[in-house]
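Participant: Here's a structure for you.
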Amino acid sequence: MTTMRTGALALALLLAPAFAAASGGGALFDGSRGPLPRFELPAPPLTPEAAPETFGRTVATPDLIAAKARVGIDAELARLGSAPAGTSFTFGVIGDAEPGRFPWERIFEPGKDVFAKEMAALQARDPRFILQLGDFVSEGTVPNYRAHVAWMDADSTVPLLRCIGNHDRSRPNGDADKVLYDAVFGPRDYFFDYGGWRFIALDSSDRVVTPAQIAWLSGALNVPGPKVIYTHVPPAYLRHAKPLPIVASLPASAIEAERSPVQDFFENWFKEGSSDFERLVETSDVKAVFMGHIHAFWAADLHGVRYVISGGGGSPLYPLPPGYDMRRFAHYMTVAATPSGLTETVHPYRGTDFVLPPVRP
Ligand SMILES: [Fe+2]
């Protein structure tokens with residue numbers, strides 16, 4: 001909005017002589033000759049009912065629509081196959097990969113191509129599948145999606161199950177459509193069962209979990225057995241959870257000091273739906289919730305549930321506001337699932353691997 005106002009002001013200054021000439025006067029434009037012409041386009045309809053073919057601003061291209069058969073969630077689940085209950089297996093977790101929309105964002109650690117390098121290292125560990133926690137592109141544009149699909153076609157060897165992040169929408173903040181995500185990857189809320197575990201992806205990319213989603217989640221959780229939830233934006237109730245002590249020997253260069261009094265002007269947590277989400281998680285044998293969105297590492301146990309923010313998949317490591325007990329370093333995780341629970345190992349891009357302690361009851 002500020003940008004729009006600044007733009008309008010610049011435009012007014014630019015057009016002032018023309019206005020003056022057109023009105024026959026020689027005085028400088030003083031803003032009193034009626035409203036300026038508006039250069040804002042009318043907001044497009046944002047309901048699929050109103051414009052099913054061009055929902056919102058984005059139109060999926062035929063090549064991206066065709067890619068769904070190769071890289072969409074259903075294709076990845078077909079690649080994964082099944083495993084009977086009681087099977088022990090390892091899966092991977094990797095968070096935010098978007099490289100920053102603007103050049104100034106790319107001055108921060110960890111630098112270019114880290115997502116591809118981390119994915120190569122993670123896939124070499126041969127996990128059964130990988131959970132990607134959203135924000136795999138900076139903005140949901142056709143070129144960005146094409147580049148990501150090209151990377152998948154060339155280098156993705158392990159089934160990649162993802163949840164949508166705010167950047168994967170048509171724009172990262174405010175109202176946005178999810179046309180490209182739905183065309184290439186969708187569904188956004190889904191689950192799959194593997195080895196006796198249920199893995200549930202939940203769309204929190206609008207920084208909201210709606211009542212309809214809570215009802216769907218309640219049904220998805222209503223089966224016996226352990227579950228894992230993965231969603232992009234953390235729920236607000238975690239904001240004051242006590243983090244686990246991180247027992248890592250990481251080189252100083254891998255962790256930037258918290259040096260900036262940057263205010264928390266981005267909404268890093270979803271508030272609407274947070275308490276319902278908390279109630280469901282705590283009553284449904286959920287063992288872990290994996291989240292991204294914040295380009296850092298953080299973990300906490302709350303009422304016997306392990307929560308991990310793993311937002312270091314290659315995105316810029318911005319300075320965090322004071323009071324954030326998080327560590328900012330690029331990383332991915334491997335998680336061993338056995339009938340007795342989960343064991344998470346964190347693999348920093350630079351530094352030494354470390355294992356999270358068992359969940360506190
Ligand atoms: Fe995000």
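Ordering of the structure tokens sets the chain letters (A, B, ...); residue numbers start at 1 within each chain; ligands are numbered from 1 in the order shown.
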Residues within 12 Å of ligand 1 should be enumerated using only C-alpha atoms and all ligand atoms and returned as an MDAnalysis selection string.

Facilitator: chainID A and resid 95:100 133:139 163:169 171:173 203:207 231:234 266:270 291:296 309:313 315:316

Participant: Need to verify the contact set: Leu244 (chain A), 8 Å, only C-alpha atoms, exclusion of same-chain residues closer than 4 positions in sequence. Can you return it as a ChimeraX atom specification?

Facilitator: /A:298-301

Participant: Per DSSP on the backbone, what are the alpha helix (DSSP H) residues of region 116-202 of chain A, as a list of chain:residue names?

Facilitator: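 Matching residues for alpha helix (DSSP H) in region 116-202 of chain A are A:Ala116, A:Lys117, A:Glu118, A:Met119, A:Ala120, A:Ala121, A:Leu122, A:Gln123, A:Ala124, A:Val142, A:Pro143, A:Asn144, A:Tyr145, A:Arg146, A:Ala147, A:His148, A:Val149, A:Ala150, A:Trp151, A:Met152, A:Asp153, A:Ala154, A:Asp155, A:Val179, A:Leu180, A:Tyr181, A:Asp182, A:Ala183, A:Val184.
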
Participant: Need the shell around Ala337 (chain A): protein/DNA/RNA residues with any atom at most 12 Å away, counting only C-alpha atoms. Skip same-chain ones fewer than 2 positions apart. Format as a short mmCIF file (atom, residue, chain, number, x, y, z; two decimals) with N, CA and C atoms, in the first residue's frame?

Facilitator:
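Result went into result.cif, see below:
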```cif
data_model
loop_
_atom_site.label_atom_id
_atom_site.label_comp_id
_atom_site.auth_asym_id
_atom_site.auth_seq_id
_atom_site.Cartn_x
_atom_site.Cartn_y
_atom_site.Cartn_z
N ALA A 85 2.58 -51.88 8.78
CA ALA A 85 2.75 -51.36 10.14
C ALA A 85 3.87 -52.11 10.84
N GLY A 86 4.64 -51.41 11.61
CA GLY A 86 5.75 -52.04 12.33
C GLY A 86 7.08 -51.90 11.61
N THR A 87 7.04 -51.45 10.36
CA THR A 87 8.28 -51.25 9.61
C THR A 87 9.05 -50.08 10.21
N SER A 88 10.35 -50.24 10.36
CA SER A 88 11.20 -49.10 10.74
C SER A 88 11.75 -48.46 9.47
N PHE A 89 11.76 -47.17 9.43
CA PHE A 89 12.21 -46.48 8.22
C PHE A 89 12.71 -45.09 8.59
N THR A 90 13.36 -44.47 7.64
CA THR A 90 13.85 -43.09 7.83
C THR A 90 13.24 -42.20 6.76
N PHE A 91 12.81 -41.03 7.18
CA PHE A 91 12.37 -40.03 6.20
C PHE A 91 13.14 -38.74 6.41
N GLY A 92 13.12 -37.91 5.38
CA GLY A 92 13.84 -36.64 5.43
C GLY A 92 12.89 -35.47 5.63
N PRO A 127 16.57 -41.82 2.32
CA PRO A 127 15.33 -41.88 3.09
C PRO A 127 14.21 -42.44 2.21
N ARG A 128 13.17 -42.96 2.86
CA ARG A 128 12.05 -43.51 2.07
C ARG A 128 11.30 -42.39 1.34
N PHE A 129 11.18 -41.23 1.99
CA PHE A 129 10.54 -40.06 1.37
C PHE A 129 11.04 -38.82 2.08
N TYR A 194 2.14 -44.76 6.08
CA TYR A 194 3.36 -45.50 5.73
C TYR A 194 3.92 -46.14 7.01
N GLY A 195 4.10 -47.45 6.96
CA GLY A 195 4.71 -48.17 8.08
C GLY A 195 3.94 -48.05 9.39
N GLY A 196 2.62 -47.87 9.30
CA GLY A 196 1.82 -47.74 10.52
C GLY A 196 1.71 -46.31 11.03
N TRP A 197 2.36 -45.38 10.32
CA TRP A 197 2.28 -43.96 10.69
C TRP A 197 1.37 -43.24 9.71
N ARG A 198 0.69 -42.22 10.18
CA ARG A 198 -0.06 -41.34 9.29
C ARG A 198 0.64 -39.99 9.22
N PHE A 199 0.90 -39.54 8.01
CA PHE A 199 1.54 -38.24 7.76
C PHE A 199 0.51 -37.31 7.14
N PRO A 226 0.29 -43.73 15.53
CA PRO A 226 1.00 -42.46 15.63
C PRO A 226 0.89 -41.62 14.36
N LYS A 227 0.97 -40.31 14.53
CA LYS A 227 0.84 -39.39 13.39
C LYS A 227 1.93 -38.33 13.42
N VAL A 228 2.16 -37.79 12.23
CA VAL A 228 3.07 -36.65 12.04
C VAL A 228 2.30 -35.62 11.22
N LYS A 287 2.84 -37.43 17.20
CA LYS A 287 4.18 -37.50 17.80
C LYS A 287 5.02 -36.28 17.48
N ALA A 288 4.80 -35.71 16.30
CA ALA A 288 5.63 -34.56 15.91
C ALA A 288 4.89 -33.67 14.93
N THR A 334 17.07 -35.80 9.08
CA THR A 334 16.60 -37.16 8.84
C THR A 334 15.91 -37.63 10.12
N VAL A 335 14.83 -38.36 9.95
CA VAL A 335 14.03 -38.79 11.09
C VAL A 335 13.83 -40.30 11.00
N PRO A 339 8.71 -48.43 15.85
CA PRO A 339 7.50 -48.59 16.67
C PRO A 339 7.60 -47.85 18.01
N SER A 340 8.80 -47.54 18.46
CA SER A 340 8.89 -46.84 19.75
C SER A 340 8.94 -45.33 19.61
N GLY A 341 8.94 -44.81 18.40
CA GLY A 341 8.89 -43.35 18.26
C GLY A 341 9.81 -42.82 17.18
N LEU A 342 10.07 -41.51 17.26
CA LEU A 342 10.88 -40.82 16.25
C LEU A 342 12.21 -40.38 16.86
N THR A 343 13.25 -40.42 16.05
CA THR A 343 14.54 -39.84 16.44
C THR A 343 14.98 -38.91 15.33
N GLU A 344 15.12 -37.62 15.67
CA GLU A 344 15.44 -36.61 14.66
C GLU A 344 16.92 -36.27 14.71
N THR A 345 17.56 -36.33 13.56
CA THR A 345 18.96 -35.90 13.43
C THR A 345 19.00 -34.65 12.55
#
```

Participant: Figure out the distance between CA of Gly314 (chain A) and CA of Ala66 (chain A), please, to one decimal in Å.

Facilitator: 27.4 Å

Participant: Select from region 97-164 of chain A everything DSSP, run on the backbone, classes as strand (DSSP E or B), then give the selection as a PyMOL selection string.

Facilitator: chain A and resi 130-132+160-162

Participant: Any chance you could export the current selection's N, CA and C atoms as a PDB file, in the first residue's frame?

Facilitator:
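Resulting contents of out-v4.pdb:
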```pdb
ATOM      1  N   ILE A 130      10.741 -37.668   1.494  1.00  0.00           N
ATOM      2  CA  ILE A 130      11.175 -36.391   2.067  1.00  0.00           C
ATOM      3  C   ILE A 130       9.960 -35.481   2.206  1.00  0.00           C
ATOM      4  N   LEU A 131       9.826 -34.873   3.377  1.00  0.00           N
ATOM      5  CA  LEU A 131       8.794 -33.865   3.587  1.00  0.00           C
ATOM      6  C   LEU A 131       9.412 -32.492   3.323  1.00  0.00           C
ATOM      7  N   GLN A 132       8.819 -31.741   2.415  1.00  0.00           N
ATOM      8  CA  GLN A 132       9.289 -30.370   2.169  1.00  0.00           C
ATOM      9  C   GLN A 132       8.245 -29.430   2.771  1.00  0.00           C
ATOM     10  N   LEU A 160       8.968 -36.861  -2.940  1.00  0.00           N
ATOM     11  CA  LEU A 160       9.000 -35.563  -2.267  1.00  0.00           C
ATOM     12  C   LEU A 160       7.564 -35.147  -1.968  1.00  0.00           C
ATOM     13  N   LEU A 161       7.204 -35.183  -0.704  1.00  0.00           N
ATOM     14  CA  LEU A 161       5.860 -34.817  -0.269  1.00  0.00           C
ATOM     15  C   LEU A 161       5.935 -33.446   0.375  1.00  0.00           C
ATOM     16  N   ARG A 162       5.123 -32.551  -0.061  1.00  0.00           N
ATOM     17  CA  ARG A 162       5.279 -31.158   0.349  1.00  0.00           C
ATOM     18  C   ARG A 162       3.995 -30.594   0.916  1.00  0.00           C
TER      19      ARG A 162
END
```

Participant: Nearest to Ala330 (chain A) among A:Val359, A:Val158, A:Val208, A:Ile94, with distances taken over only C-alpha atoms: which residue is it?

Facilitator: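 Among A:Val359, A:Val158, A:Val208, A:Ile94, it is A:Ile94 that comes nearest to Ala330 (chain A).
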
Participant: Could you list, as a list in words, every residue within 9 Å of Phe185 (chain A), counting only C-alpha atoms and ignoring same-chain residues fewer than 5 positions away?

Facilitator: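 Those residues are Ala67, Lys68, Val71, Gly72, Ile73, Asp74, Arg162 and Leu180 of chain A.
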
Participant: Excluding Ala120 (chain A) and residues on its chain fewer than 4 positions from it, collect all residues at most 9 Å away from it, counting only C-alpha atoms, and give them as a list in words.

Facilitator: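 Skipping anything fewer than 4 positions along the chain leaves Phe115, Ala116, Ala124, Arg125, Asp155 and Ser156 of chain A.
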
Participant: Go ahead and write the residues just picked, N, CA and C atoms, as a CSV table (one decimal), in the first residue's frame.

Facilitator:
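Written file, part24.csv:
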```
chain,number,residue,atom,x,y,z
A,115,PHE,N,19.8,-25.2,-1.5
A,115,PHE,CA,18.7,-26.2,-1.5
A,115,PHE,C,19.1,-27.4,-2.4
A,116,ALA,N,19.6,-27.2,-3.6
A,116,ALA,CA,19.9,-28.3,-4.4
A,116,ALA,C,21.0,-29.1,-3.8
A,124,ALA,N,21.1,-38.7,-0.8
A,124,ALA,CA,22.2,-39.7,-0.8
A,124,ALA,C,22.1,-40.6,0.5
A,125,ARG,N,21.3,-40.1,1.5
A,125,ARG,CA,21.2,-40.9,2.7
A,125,ARG,C,20.0,-41.9,2.6
A,155,ASP,N,16.7,-34.0,-10.9
A,155,ASP,CA,17.5,-34.4,-9.7
A,155,ASP,C,16.7,-35.0,-8.6
A,156,SER,N,15.3,-35.1,-8.6
A,156,SER,CA,14.6,-35.6,-7.5
A,156,SER,C,14.5,-37.1,-7.7
```

Participant: Which of these, A:Leu122, A:Tyr307, A:Gly273, A:Pro224, has the shortest distance to Asp193 (chain A) once you count only C-alpha atoms?

Facilitator: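 The closest residue to Asp193 (chain A) is A:Pro224.
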